[in-house]
>>> print(open('target04.txt').read())   # compact mmCIF, C-alpha atoms
# COMPACT_ATOMS: atom_id res chain seq x y z
CA MET A 24 -130.67 -68.33 10.35
CA THR A 25 -133.11 -67.71 13.22
CA ALA A 26 -135.87 -70.09 14.39
CA ASP A 27 -138.41 -67.60 13.06
CA GLN A 28 -136.85 -67.76 9.61
CA VAL A 29 -136.81 -71.57 9.63
CA SER A 30 -140.54 -71.48 10.31
CA GLY A 31 -140.90 -68.98 7.46
CA LEU A 32 -138.98 -71.32 5.17
CA PHE A 33 -141.40 -74.18 5.83
CA SER A 34 -144.41 -71.87 5.49
CA ALA A 35 -143.05 -70.85 2.10
CA GLY A 36 -142.71 -74.51 1.11
CA GLU A 37 -146.29 -75.20 2.11
CA GLY A 38 -147.61 -72.09 0.35
CA PHE A 39 -145.65 -72.90 -2.79
CA MET A 40 -146.98 -76.47 -2.82
CA GLU A 41 -150.61 -75.38 -2.37
CA GLY A 42 -150.29 -72.66 -5.01
CA THR A 43 -148.79 -75.17 -7.42
CA ILE A 44 -151.57 -77.70 -6.79
CA ALA A 45 -154.18 -75.00 -7.40
CA ALA A 46 -152.52 -74.04 -10.70
CA ALA A 47 -152.02 -77.67 -11.75
CA LEU A 48 -155.70 -78.35 -11.11
CA VAL A 49 -156.61 -75.93 -13.91
CA VAL A 50 -154.61 -78.07 -16.33
CA LEU A 51 -156.03 -81.30 -14.90
CA TRP A 52 -159.61 -80.03 -15.18
CA VAL A 53 -159.08 -78.97 -18.78
CA LEU A 54 -157.45 -82.31 -19.65
CA ALA A 55 -160.15 -84.33 -17.88
CA LEU A 56 -162.93 -82.43 -19.67
CA GLY A 57 -161.05 -82.48 -22.98
CA LEU A 58 -160.51 -86.24 -22.83
CA HIS A 59 -164.19 -86.83 -22.14
CA LEU A 60 -165.20 -84.61 -25.06
CA ALA A 61 -162.63 -86.43 -27.23
CA GLN A 62 -164.59 -89.67 -27.05
CA PRO A 63 -165.88 -89.48 -30.66
CA TYR A 64 -162.32 -88.91 -31.94
CA MET A 65 -161.01 -91.84 -29.91
CA ALA A 66 -163.81 -94.10 -31.12
CA ARG A 67 -163.13 -93.01 -34.72
CA THR A 68 -159.44 -93.88 -34.31
CA THR A 69 -160.25 -97.43 -33.16
CA GLY A 70 -161.69 -97.97 -36.65
CA LYS A 71 -158.29 -97.31 -38.22
CA PHE A 72 -156.58 -100.35 -36.71
CA THR A 73 -156.50 -103.54 -38.70
CA LEU A 74 -156.44 -105.80 -35.64
CA ARG A 75 -158.78 -105.83 -32.65
CA LEU A 76 -155.65 -105.86 -30.48
CA GLY A 77 -154.62 -102.41 -31.70
CA ALA A 78 -158.12 -101.01 -31.24
CA ASP A 79 -158.39 -102.52 -27.76
CA LEU A 80 -154.99 -101.17 -26.73
CA TRP A 81 -155.94 -97.72 -27.97
CA TRP A 82 -159.26 -97.81 -26.14
CA ILE A 83 -157.66 -99.10 -22.91
CA ILE A 84 -155.06 -96.32 -22.93
CA TYR A 85 -157.74 -93.70 -23.63
CA VAL A 86 -160.11 -94.85 -20.89
CA ALA A 87 -157.29 -95.30 -18.38
CA LEU A 88 -155.85 -91.83 -19.00
CA ARG A 89 -159.27 -90.16 -19.04
CA ASP A 90 -160.35 -91.72 -15.76
CA ILE A 91 -156.98 -91.34 -14.02
CA PHE A 92 -157.02 -87.62 -14.79
CA LEU A 93 -160.44 -87.32 -13.19
CA VAL A 94 -159.23 -89.21 -10.12
CA GLN A 95 -156.22 -86.87 -9.95
CA VAL A 96 -158.55 -83.87 -10.12
CA PHE A 97 -160.49 -85.19 -7.16
CA LEU A 98 -157.38 -86.06 -5.14
CA GLY A 99 -155.77 -82.68 -5.82
CA SER A 100 -158.98 -80.93 -4.81
CA PHE A 101 -158.65 -82.28 -1.28
CA ILE A 102 -156.93 -79.03 -0.31
CA PHE A 103 -160.34 -77.35 -0.60
CA LEU A 104 -161.57 -79.45 2.30
CA TYR A 105 -158.86 -78.14 4.68
CA PRO A 106 -160.39 -75.14 6.50
CA ASP A 107 -157.00 -73.60 7.43
CA VAL A 108 -155.82 -73.70 3.83
CA VAL A 109 -159.12 -72.37 2.48
CA LYS A 110 -159.03 -69.43 4.90
CA ALA A 111 -155.35 -68.56 4.46
CA LYS A 112 -154.64 -69.10 0.77
CA GLU A 113 -155.93 -67.41 -2.35
CA LEU A 114 -157.93 -70.27 -3.86
CA PRO A 115 -161.00 -70.33 -6.13
CA ILE A 116 -164.05 -70.13 -3.89
CA THR A 117 -166.03 -72.93 -5.56
CA GLY A 118 -163.08 -75.34 -5.74
CA GLY A 119 -164.71 -77.62 -3.13
CA LEU A 120 -167.96 -77.82 -5.10
CA ALA A 121 -165.94 -78.62 -8.21
CA ALA A 122 -164.38 -81.51 -6.27
CA VAL A 123 -167.90 -82.74 -5.46
CA CYS A 124 -168.71 -82.71 -9.20
CA ALA A 125 -165.56 -84.71 -9.97
CA PHE A 126 -166.38 -87.24 -7.27
CA ALA A 127 -170.00 -87.52 -8.43
CA ALA A 128 -168.78 -88.18 -12.00
CA LEU A 129 -166.47 -90.91 -10.66
CA LEU A 130 -169.41 -92.39 -8.77
CA ILE A 131 -171.49 -92.50 -11.95
CA LYS A 132 -168.62 -94.26 -13.72
CA LEU A 133 -168.69 -96.81 -10.91
CA MET A 134 -172.44 -97.34 -11.01
CA THR A 135 -173.28 -97.28 -14.75
CA LYS A 136 -172.34 -99.52 -17.65
CA GLY A 137 -169.48 -97.51 -19.10
CA ASP A 138 -169.43 -95.50 -22.30
CA GLY A 139 -172.35 -97.38 -23.82
CA ASP A 140 -174.75 -95.95 -21.21
CA LEU A 141 -175.81 -92.71 -22.89
CA ARG A 142 -177.71 -91.29 -19.94
CA GLY A 143 -174.80 -91.94 -17.59
CA MET A 144 -172.36 -90.47 -20.09
CA ARG A 145 -174.49 -87.36 -20.49
CA ILE A 146 -174.72 -86.80 -16.72
CA GLN A 147 -170.98 -87.43 -16.30
CA THR A 148 -170.14 -84.91 -19.01
CA LEU A 149 -172.48 -82.33 -17.51
CA LEU A 150 -170.95 -82.83 -14.06
CA ILE A 151 -167.39 -82.58 -15.39
CA GLY A 152 -168.32 -79.49 -17.40
CA LEU A 153 -169.93 -77.90 -14.35
CA GLY A 154 -166.92 -78.81 -12.19
CA ALA A 155 -164.51 -77.31 -14.73
CA VAL A 156 -166.51 -74.07 -14.84
CA LEU A 157 -166.74 -73.93 -11.03
CA TYR A 158 -162.98 -74.34 -10.78
CA VAL A 159 -161.51 -72.59 -13.79
CA GLY A 160 -163.90 -69.59 -13.69
CA PRO A 161 -163.09 -68.34 -10.17
CA TYR A 162 -159.43 -69.31 -10.63
CA PHE A 163 -158.94 -67.09 -13.68
CA LEU A 164 -161.26 -64.29 -12.60
CA GLY A 165 -160.41 -64.36 -8.87
CA THR A 166 -157.22 -66.12 -7.79
CA GLN A 167 -155.33 -64.98 -10.88
CA MET A 168 -156.39 -61.37 -10.56
CA THR A 169 -155.24 -60.57 -7.02
CA LEU A 170 -152.32 -58.50 -8.30
CA LEU A 171 -154.44 -56.46 -10.70
CA ALA A 172 -156.37 -53.31 -9.90
CA GLY A 173 -159.44 -51.76 -11.49
CA LYS A 174 -163.08 -50.97 -10.80
CA LEU A 175 -164.48 -54.34 -11.85
CA THR A 176 -161.54 -56.27 -10.46
CA ASP A 177 -161.78 -54.66 -7.03
CA GLN A 178 -165.52 -55.32 -6.96
CA TYR A 179 -165.71 -58.95 -8.11
CA MET A 180 -162.30 -60.49 -7.49
CA PRO A 181 -162.66 -60.64 -3.63
CA LEU A 182 -165.95 -62.54 -4.01
CA LEU A 183 -164.21 -65.34 -5.88
CA VAL A 184 -161.12 -65.82 -3.68
CA THR A 185 -161.34 -67.93 -0.50
CA SER A 186 -158.97 -65.88 1.69
CA LYS A 187 -160.80 -62.66 0.80
CA ASN A 188 -164.29 -64.08 1.34
CA PRO A 189 -163.94 -66.61 4.19
CA ASP A 190 -167.57 -66.16 5.32
CA VAL A 191 -168.68 -67.90 2.15
CA ALA A 192 -165.58 -70.02 1.52
CA LEU A 193 -165.61 -71.91 4.83
CA PRO A 194 -169.30 -72.95 4.69
CA LEU A 195 -168.74 -74.07 1.08
CA SER A 196 -165.75 -76.10 2.24
CA TYR A 197 -167.80 -77.82 4.98
CA LEU A 198 -170.70 -78.39 2.58
CA SER A 199 -168.36 -79.92 -0.02
CA ALA A 200 -166.86 -82.25 2.59
CA ALA A 201 -170.35 -83.33 3.67
CA LEU A 202 -171.46 -83.97 0.06
CA ILE A 203 -168.31 -85.96 -0.68
CA GLY A 204 -168.91 -87.96 2.50
CA ILE A 205 -172.49 -88.78 1.42
CA LEU A 206 -171.35 -89.75 -2.08
CA GLY A 207 -168.56 -91.86 -0.54
CA ILE A 208 -171.09 -93.73 1.60
CA ALA A 209 -173.21 -94.35 -1.51
CA ALA A 210 -170.13 -95.79 -3.26
CA VAL A 211 -169.38 -98.11 -0.32
CA VAL A 212 -172.99 -99.33 -0.13
CA TYR A 213 -173.07 -99.93 -3.89
CA ASN A 214 -169.83 -101.91 -3.68
CA LEU A 215 -171.07 -104.04 -0.83
CA ARG A 216 -174.27 -104.80 -2.73
CA GLN A 217 -172.22 -105.75 -5.80
CA THR A 218 -170.08 -108.31 -3.99
CA VAL A 219 -172.33 -111.05 -5.38
CA VAL A 220 -171.25 -110.14 -8.94
CA ARG A 221 -168.26 -112.27 -9.99
CA ARG A 222 -165.50 -111.23 -12.35
CA PRO A 223 -165.96 -112.83 -15.83
CA LYS A 224 -163.89 -116.03 -16.10
CA ALA A 225 -161.00 -116.15 -18.57
CA VAL A 226 -161.86 -118.12 -21.71
CA MET B 25 -133.39 -58.96 8.69
CA LEU B 26 -136.53 -60.50 7.16
CA ASN B 27 -139.20 -61.82 9.53
CA ALA B 28 -140.87 -65.21 8.95
CA ASP B 29 -143.85 -63.85 7.00
CA ASP B 30 -141.77 -61.68 4.67
CA LEU B 31 -139.34 -64.53 4.06
CA ALA B 32 -142.21 -66.94 3.30
CA THR B 33 -143.81 -64.47 0.89
CA ALA B 34 -140.53 -63.73 -0.88
CA LEU B 35 -139.64 -67.41 -1.22
CA THR B 36 -143.12 -68.36 -2.47
CA ASN B 37 -143.18 -65.56 -5.04
CA GLY B 38 -139.63 -66.36 -6.11
CA GLY B 39 -140.41 -70.05 -6.41
CA SER B 40 -143.58 -69.56 -8.44
CA GLY B 41 -141.85 -67.05 -10.73
CA TRP B 42 -139.00 -69.47 -11.29
CA MET B 43 -141.41 -72.28 -12.10
CA VAL B 44 -143.46 -70.20 -14.56
CA LEU B 45 -140.37 -68.94 -16.38
CA SER B 46 -138.97 -72.48 -16.52
CA VAL B 47 -142.19 -73.74 -18.13
CA ALA B 48 -142.06 -70.83 -20.59
CA ALA B 49 -138.45 -71.68 -21.46
CA VAL B 50 -139.22 -75.40 -21.96
CA LEU B 51 -142.25 -74.78 -24.17
CA PRO B 52 -140.28 -73.93 -27.37
CA ILE B 53 -138.81 -77.44 -27.12
CA LEU B 54 -142.27 -78.95 -26.74
CA TRP B 55 -143.59 -76.84 -29.61
CA ALA B 56 -140.72 -77.99 -31.83
CA PHE B 57 -141.34 -81.61 -30.82
CA THR B 58 -145.07 -81.21 -31.54
CA LEU B 59 -144.31 -79.93 -35.03
CA VAL B 60 -141.72 -82.66 -35.64
CA LEU B 61 -144.19 -85.41 -34.77
CA HIS B 62 -147.06 -83.82 -36.69
CA PHE B 63 -145.02 -83.38 -39.87
CA SER B 64 -143.31 -86.77 -39.62
CA ARG B 65 -146.56 -88.39 -40.81
CA PRO B 66 -145.20 -89.34 -44.31
CA TYR B 67 -142.16 -91.01 -42.73
CA VAL B 68 -144.36 -92.90 -40.27
CA ILE B 69 -146.72 -94.10 -43.01
CA ARG B 70 -143.80 -95.11 -45.26
CA PHE B 71 -142.31 -97.16 -42.45
CA LEU B 72 -145.74 -98.62 -41.71
CA MET B 73 -145.90 -99.98 -45.27
CA ARG B 74 -142.61 -101.83 -44.77
CA LEU B 75 -143.85 -103.81 -41.79
CA THR B 76 -144.81 -107.34 -42.74
CA LEU B 77 -147.13 -108.11 -39.82
CA ARG B 78 -150.40 -106.30 -39.22
CA PHE B 79 -149.59 -106.47 -35.50
CA GLY B 80 -146.39 -104.47 -36.02
CA GLY B 81 -148.27 -101.94 -38.14
CA ASP B 82 -150.95 -101.43 -35.55
CA VAL B 83 -148.45 -101.02 -32.69
CA TRP B 84 -146.39 -98.59 -34.76
CA TRP B 85 -149.41 -96.48 -35.71
CA LEU B 86 -150.80 -96.57 -32.18
CA SER B 87 -147.49 -95.41 -30.70
CA TYR B 88 -147.22 -92.60 -33.24
CA VAL B 89 -150.76 -91.26 -32.82
CA LEU B 90 -150.56 -91.60 -29.05
CA MET B 91 -147.27 -89.68 -28.75
CA ARG B 92 -148.31 -87.04 -31.28
CA ASP B 93 -151.65 -86.29 -29.66
CA ALA B 94 -150.38 -86.59 -26.08
CA LEU B 95 -147.63 -84.10 -26.84
CA MET B 96 -150.16 -81.63 -28.23
CA ALA B 97 -152.30 -82.06 -25.12
CA ILE B 98 -149.28 -81.57 -22.82
CA THR B 99 -148.24 -78.44 -24.73
CA LEU B 100 -151.78 -77.07 -24.37
CA GLY B 101 -151.87 -78.00 -20.68
CA LEU B 102 -148.60 -76.20 -19.91
CA SER B 103 -149.61 -73.24 -22.08
CA MET B 104 -152.60 -72.63 -19.83
CA ILE B 105 -150.30 -70.51 -17.65
CA PHE B 106 -150.44 -67.85 -20.36
CA LEU B 107 -154.14 -67.42 -19.73
CA MET B 108 -153.58 -66.55 -16.06
CA PRO B 109 -153.76 -62.75 -15.67
CA ASN B 110 -151.49 -62.51 -12.58
CA LEU B 111 -148.72 -64.36 -14.40
CA TYR B 112 -149.14 -62.98 -17.91
CA LEU B 113 -149.56 -59.33 -16.95
CA LYS B 114 -147.20 -59.18 -13.96
CA ILE B 115 -144.33 -61.65 -14.42
CA GLY B 116 -143.75 -60.95 -18.10
CA LEU B 117 -144.22 -63.68 -20.74
CA PRO B 118 -144.16 -63.85 -24.56
CA ILE B 119 -146.79 -61.34 -25.66
CA THR B 120 -148.54 -63.54 -28.22
CA ALA B 121 -148.40 -66.68 -26.08
CA PRO B 122 -152.15 -66.56 -25.20
CA ILE B 123 -153.02 -66.40 -28.92
CA ALA B 124 -150.69 -69.34 -29.58
CA THR B 125 -152.51 -71.27 -26.83
CA LEU B 126 -155.89 -70.43 -28.33
CA ILE B 127 -154.82 -71.51 -31.83
CA LEU B 128 -153.39 -74.76 -30.46
CA PHE B 129 -156.76 -75.31 -28.75
CA TRP B 130 -158.50 -74.74 -32.10
CA ALA B 131 -156.17 -77.28 -33.73
CA LEU B 132 -157.10 -79.85 -31.09
CA VAL B 133 -160.80 -79.04 -31.48
CA LEU B 134 -160.45 -79.58 -35.23
CA LYS B 135 -158.97 -83.00 -34.51
CA LEU B 136 -162.03 -83.82 -32.47
CA ILE B 137 -164.62 -82.71 -34.98
CA ARG B 138 -162.94 -83.82 -38.22
CA ASP B 139 -160.85 -86.81 -39.25
CA THR B 140 -157.51 -85.09 -39.64
CA ASP B 141 -155.67 -88.34 -40.40
CA ASP B 142 -157.75 -89.26 -43.43
CA ASP B 143 -159.15 -85.89 -44.52
CA PRO B 144 -156.35 -83.99 -46.34
CA ALA B 145 -158.10 -80.62 -46.04
CA ALA B 146 -158.48 -81.01 -42.27
CA PHE B 147 -154.86 -82.15 -41.96
CA ARG B 148 -153.69 -79.10 -43.89
CA LEU B 149 -155.75 -76.82 -41.68
CA VAL B 150 -154.34 -78.35 -38.49
CA SER B 151 -150.83 -78.04 -39.93
CA ILE B 152 -151.31 -74.35 -40.68
CA LEU B 153 -152.78 -73.69 -37.23
CA LEU B 154 -149.84 -75.45 -35.57
CA VAL B 155 -147.26 -73.52 -37.59
CA VAL B 156 -148.93 -70.17 -36.88
CA ALA B 157 -149.27 -70.96 -33.17
CA SER B 158 -145.68 -72.14 -32.80
CA VAL B 159 -144.36 -68.99 -34.52
CA LEU B 160 -146.53 -66.84 -32.25
CA TYR B 161 -144.99 -68.55 -29.26
CA ILE B 162 -141.38 -69.22 -30.22
CA VAL B 163 -140.51 -65.83 -31.77
CA PRO B 164 -141.43 -63.62 -28.76
CA GLN B 165 -140.04 -66.21 -26.36
CA VAL B 166 -136.65 -66.34 -28.08
CA TYR B 167 -136.28 -62.73 -29.26
CA GLY B 168 -138.19 -61.07 -26.42
CA MET B 169 -137.82 -63.06 -23.23
CA GLU B 170 -134.49 -64.74 -23.98
CA ALA B 171 -132.85 -61.69 -25.53
CA ALA B 172 -133.51 -59.22 -22.71
CA ASP B 173 -129.82 -58.91 -21.78
CA GLN B 174 -128.53 -58.31 -25.31
CA ALA B 175 -126.94 -54.96 -26.13
CA TYR B 176 -129.20 -54.22 -29.11
CA PRO B 177 -129.51 -50.78 -30.72
CA ASP B 178 -132.45 -48.76 -29.35
CA ALA B 179 -134.88 -49.58 -32.16
CA LEU B 180 -134.23 -53.28 -31.83
CA ARG B 181 -134.32 -53.03 -28.04
CA SER B 182 -137.80 -51.50 -28.09
CA LEU B 183 -138.97 -54.21 -30.51
CA SER B 184 -137.57 -56.86 -28.19
CA ASN B 185 -139.28 -55.26 -25.17
CA ALA B 186 -142.56 -55.02 -27.07
CA MET B 187 -142.59 -58.81 -27.25
CA ILE B 188 -142.76 -59.13 -23.45
CA SER B 189 -146.27 -58.91 -21.97
CA SER B 190 -145.44 -56.96 -18.80
CA GLN B 191 -143.55 -54.31 -20.78
CA ASN B 192 -146.28 -53.78 -23.36
CA LEU B 193 -149.48 -53.76 -21.33
CA VAL B 194 -151.40 -51.69 -23.89
CA VAL B 195 -151.25 -54.64 -26.26
CA ALA B 196 -151.06 -57.41 -23.65
CA ARG B 197 -154.33 -56.56 -21.86
CA PRO B 198 -156.62 -56.80 -24.93
CA ILE B 199 -154.82 -59.99 -26.01
CA MET B 200 -155.41 -61.50 -22.59
CA TRP B 201 -159.15 -60.76 -22.37
CA LEU B 202 -159.89 -61.48 -26.02
CA THR B 203 -158.13 -64.83 -25.80
CA LEU B 204 -159.90 -65.77 -22.57
CA GLY B 205 -163.27 -64.90 -24.15
CA LEU B 206 -162.60 -66.86 -27.34
CA PHE B 207 -161.25 -69.79 -25.34
CA ALA B 208 -164.43 -69.90 -23.25
CA ILE B 209 -166.69 -69.60 -26.31
CA THR B 210 -164.82 -72.39 -28.14
CA GLY B 211 -164.93 -74.64 -25.09
CA ALA B 212 -168.65 -74.01 -24.58
CA ALA B 213 -169.39 -74.68 -28.26
CA LEU B 214 -167.43 -77.95 -28.18
CA PHE B 215 -169.20 -78.99 -24.99
CA GLY B 216 -172.65 -78.22 -26.45
CA ARG B 217 -171.83 -80.05 -29.69
CA PHE B 218 -170.69 -83.14 -27.77
CA LEU B 219 -173.87 -83.24 -25.68
CA MET B 220 -176.14 -82.74 -28.68
CA ARG B 221 -174.45 -85.48 -30.70
CA LEU B 222 -174.25 -87.97 -27.85
CA GLY B 223 -176.45 -90.89 -28.84
CA ALA B 224 -177.31 -89.37 -32.23
CA PRO B 225 -177.10 -91.74 -35.25
CA ARG B 226 -173.45 -91.93 -36.36
CA ASP B 227 -171.98 -91.90 -39.86
CA GLU B 228 -171.53 -95.23 -41.69
CA SER B 229 -167.76 -94.82 -41.50
CA GLU B 230 -167.68 -94.21 -37.74
CA PRO B 231 -167.20 -97.25 -35.51
CA GLU B 232 -169.36 -97.84 -32.49
CA VAL B 233 -168.08 -96.70 -29.09
CA PRO B 234 -166.48 -99.80 -27.53
CA SER B 235 -168.52 -100.96 -24.56
CA ARG B 236 -168.07 -104.42 -23.19
CA ALA B 237 -169.30 -103.95 -19.67
CA PRO B 238 -170.79 -107.17 -18.27
>>> encode(input="target04.txt", output="structure tokens")
Amino acid sequence: MTADQVSGLFSAGEGFMEGTIAAALVVLWVLALGLHLAQPYMARTTGKFTLRLGADLWWIIYVALRDIFLVQVFLGSFIFLYPDVVKAKELPITGGLAAVCAFAALLIKLMTKGDGDLRGMRIQTLLIGLGAVLYVGPYFLGTQMTLLAGKLTDQYMPLLVTSKNPDVALPLSYLSAALIGILGIAAVVYNLRQTVVRRPKAV
Amino acid sequence: MLNADDLATALTNGGSGWMVLSVAAVLPILWAFTLVLHFSRPYVIRFLMRLTLRFGGDVWWLSYVLMRDALMAITLGLSMIFLMPNLYLKIGLPITAPIATLILFWALVLKLIRDTDDDPAAFRLVSILLVVASVLYIVPQVYGMEAADQAYPDALRSLSNAMISSQNLVVARPIMWLTLGLFAITGAALFGRFLMRLGAPRDESEPEVPSRAP
């Protein structure tokens, strides 16, 4: 094997990994949105347990899974902040903005009083819905159509794929990074201001 | 000899194809497991009645519902690959797999909007949807994808080929776009319903959303 081929082998590994993350993010977005929309079902199920322990366990597992999936969505979406990756790979063009939506929803979870806060819940759901559309839409209609040919496909597909539309994709990537940075600063400031709040003492 | 770029492209395409076909081959097992757990409800309830402590009953029921629903969600998550045009139309997958995915999605939506554990009609409907979806997936996967190397007579061979998306594009294309459209409409309807009902007065039988934030 030549040195050139070894380099090709590692490039393939990187490309495979990034392609897999992009595909897995579709599933994660759908699961994150689905689990948020499943809240009425989960609440209904808590009523079927005869002990508060069962209901609490059910609710803990639901909330933990729902929020972990959203965190995973945000972490996986970090690839949309890497300019080299955005320019070279066939990724959905609004993936970075979708990451901003996921992070904003996480921030609202941090700053509001949980599922009982209707306004917070409504904004979270809207953000997650918007993020899912911004990710899944260009993924199915752009990234997943690069091998197809046709009048409509040739016209619209390149607009939705980062490597085929870098003039839009790169500014969106920088903008997403800036928005995430601003939201991150807001989270840090909120945390620092909350340091006076103590954890409830065990009874 | 291949240069670095060609080698990288070939390896990436090969790797992604292998992964997609592996997921497709594993899904019949997940479908079977989903059906097993869904239809084991009488056994689970019978066992529940034998437990003498309410704690045991709650843990048993929680474990059952959690595994059953998680498995359905995982099956739906993995089945999303059948809605990806590059994979479905180019690699070759079970031809009715997108419809199976859509019907599984409908079954899950039904779980969200009706009480399928206590409403017999809703339970029956979910059961029928799951059976139809699993048949739509397992049959073309086993007798199309996994029977490609069999020396069948010509008539049977063409039937087997017709079950593979990339070899029957005339049927596969409409299935793909129709399924994507219906999937989007269902998702949008569910999303709208959730937002409209958020904070609306709930039924007497429905418990309050737990919220114990300080």
>>> closest_residue(input="target04.txt", among="A:Thr169, A:Ser100, A:Val191, A:Ala87", to="A:Ala121", atoms="all atoms listed in the file")
A:Ser100
>>> interface_residues(input="target04.txt", of="chain A", to="chain B", cutoff="8 Å", atoms="all atoms listed in the file", output="ChimeraX atom specification")
/A:27-36,38-39,43,49-51,53-54,60-61,63-64,66-67,69-70,72-74,76-77,81-82,136-139,141,145,148,152,163,167-171,223
>>> atom_distance(input="target04.txt", atom1="atom CA of A:Gly207", atom2="atom CA of A:Leu98")
13.4 Å
>>> residues_near_point(input="target04.txt", point="(-143.7, -59.9, -29.5)", cutoff="10 Å", atoms="all atoms listed in the file", output="PyMOL selection string")
chain B and resi 117-121+160-169+183-189+192+195-196
>>> residues_around(input="target04.txt", residues="B:Leu95", least_positions_apart="5", cutoff="8 Å", atoms="all atoms listed in the file", output="ChimeraX atom specification")
/B:54,57-58
>>> closest_residue(input="target04.txt", among="B:Pro225, B:Gly41, B:Pro198, B:Pro52", to="B:Ala124", atoms="all atoms listed in the file")
B:Pro52
>>> closest_residue(input="target04.txt", among="B:Arg181, B:Met91, B:Phe207, B:Ala171", to="B:Leu128", atoms="all atoms listed in the file")
B:Phe207
>>> axis_aligned_box(input="target04.txt", around="stretch 25-41 of chain A", padding_each_side="4 Å", output="JSON")
{"center_x": -141.9, "center_y": -72.0, "center_z": 5.8, "size_x": 25.5, "size_y": 16.9, "size_z": 25.2}
>>> residues_around(input="target04.txt", residues="A:Leu88", least_positions_apart="5", cutoff="10 Å", atoms="only C-alpha atoms", output="list of chain:residue names")
A:Leu54, A:Ala55, A:Leu58, A:Trp82, A:Ile83, A:Leu93, A:Val94
>>> closest_residue(input="target04.txt", among="A:Ile102, A:Val211, A:Leu133, A:Ala155", to="A:Leu114", atoms="all atoms listed in the file")
A:Ile102
>>> atom_distance(input="target04.txt", atom1="atom CA of B:Ala146", atom2="atom CA of B:Ala131")
9.6 Å
>>> atom_distance(input="target04.txt", atom1="atom CA of A:Tyr105", atom2="atom CA of A:Ile146")
28.0 Å
>>> closest_residue(input="target04.txt", among="B:Ile115, B:Leu72, B:Leu61, B:Leu126", to="B:Thr203", atoms="all atoms listed in the file")
B:Leu126
>>> closest_residue(input="target04.txt", among="B:Pro144, B:Pro66, B:Pro122, B:Gly116", to="B:Glu170", atoms="all atoms listed in the file")
B:Gly116
>>> build_atoms(input="target04.txt", residues="stretch 133-144 of chain A", atoms="N, CA and C atoms", output="short mmCIF file (atom, residue, chain, number, x, y, z; two decimals), in the frame of the given file")
data_model
loop_
_atom_site.label_atom_id
_atom_site.label_comp_id
_atom_site.auth_asym_id
_atom_site.auth_seq_id
_atom_site.Cartn_x
_atom_site.Cartn_y
_atom_site.Cartn_z
N LEU A 133 -168.67 -95.57 -11.70
CA LEU A 133 -168.69 -96.81 -10.91
C LEU A 133 -170.04 -97.52 -11.06
N MET A 134 -171.10 -96.75 -11.12
CA MET A 134 -172.44 -97.34 -11.01
C MET A 134 -173.16 -97.56 -12.34
N THR A 135 -172.60 -97.08 -13.45
CA THR A 135 -173.28 -97.28 -14.75
C THR A 135 -172.44 -98.19 -15.64
N LYS A 136 -172.99 -98.54 -16.79
CA LYS A 136 -172.34 -99.52 -17.65
C LYS A 136 -171.40 -98.89 -18.67
N GLY A 137 -170.54 -98.03 -18.22
CA GLY A 137 -169.48 -97.51 -19.10
C GLY A 137 -169.98 -96.58 -20.18
N ASP A 138 -169.18 -96.50 -21.26
CA ASP A 138 -169.43 -95.50 -22.30
C ASP A 138 -170.68 -95.80 -23.13
N GLY A 139 -171.17 -97.03 -23.05
CA GLY A 139 -172.35 -97.38 -23.82
C GLY A 139 -173.63 -96.84 -23.18
N ASP A 140 -173.57 -96.46 -21.92
CA ASP A 140 -174.75 -95.95 -21.21
C ASP A 140 -174.87 -94.44 -21.50
N LEU A 141 -175.75 -94.10 -22.42
CA LEU A 141 -175.81 -92.71 -22.89
C LEU A 141 -176.24 -91.74 -21.79
N ARG A 142 -177.22 -92.18 -20.99
CA ARG A 142 -177.71 -91.29 -19.94
C ARG A 142 -176.60 -91.02 -18.92
N GLY A 143 -175.91 -92.08 -18.53
CA GLY A 143 -174.80 -91.94 -17.59
C GLY A 143 -173.71 -91.05 -18.16
N MET A 144 -173.42 -91.24 -19.43
CA MET A 144 -172.36 -90.47 -20.09
C MET A 144 -172.73 -88.98 -20.13
#
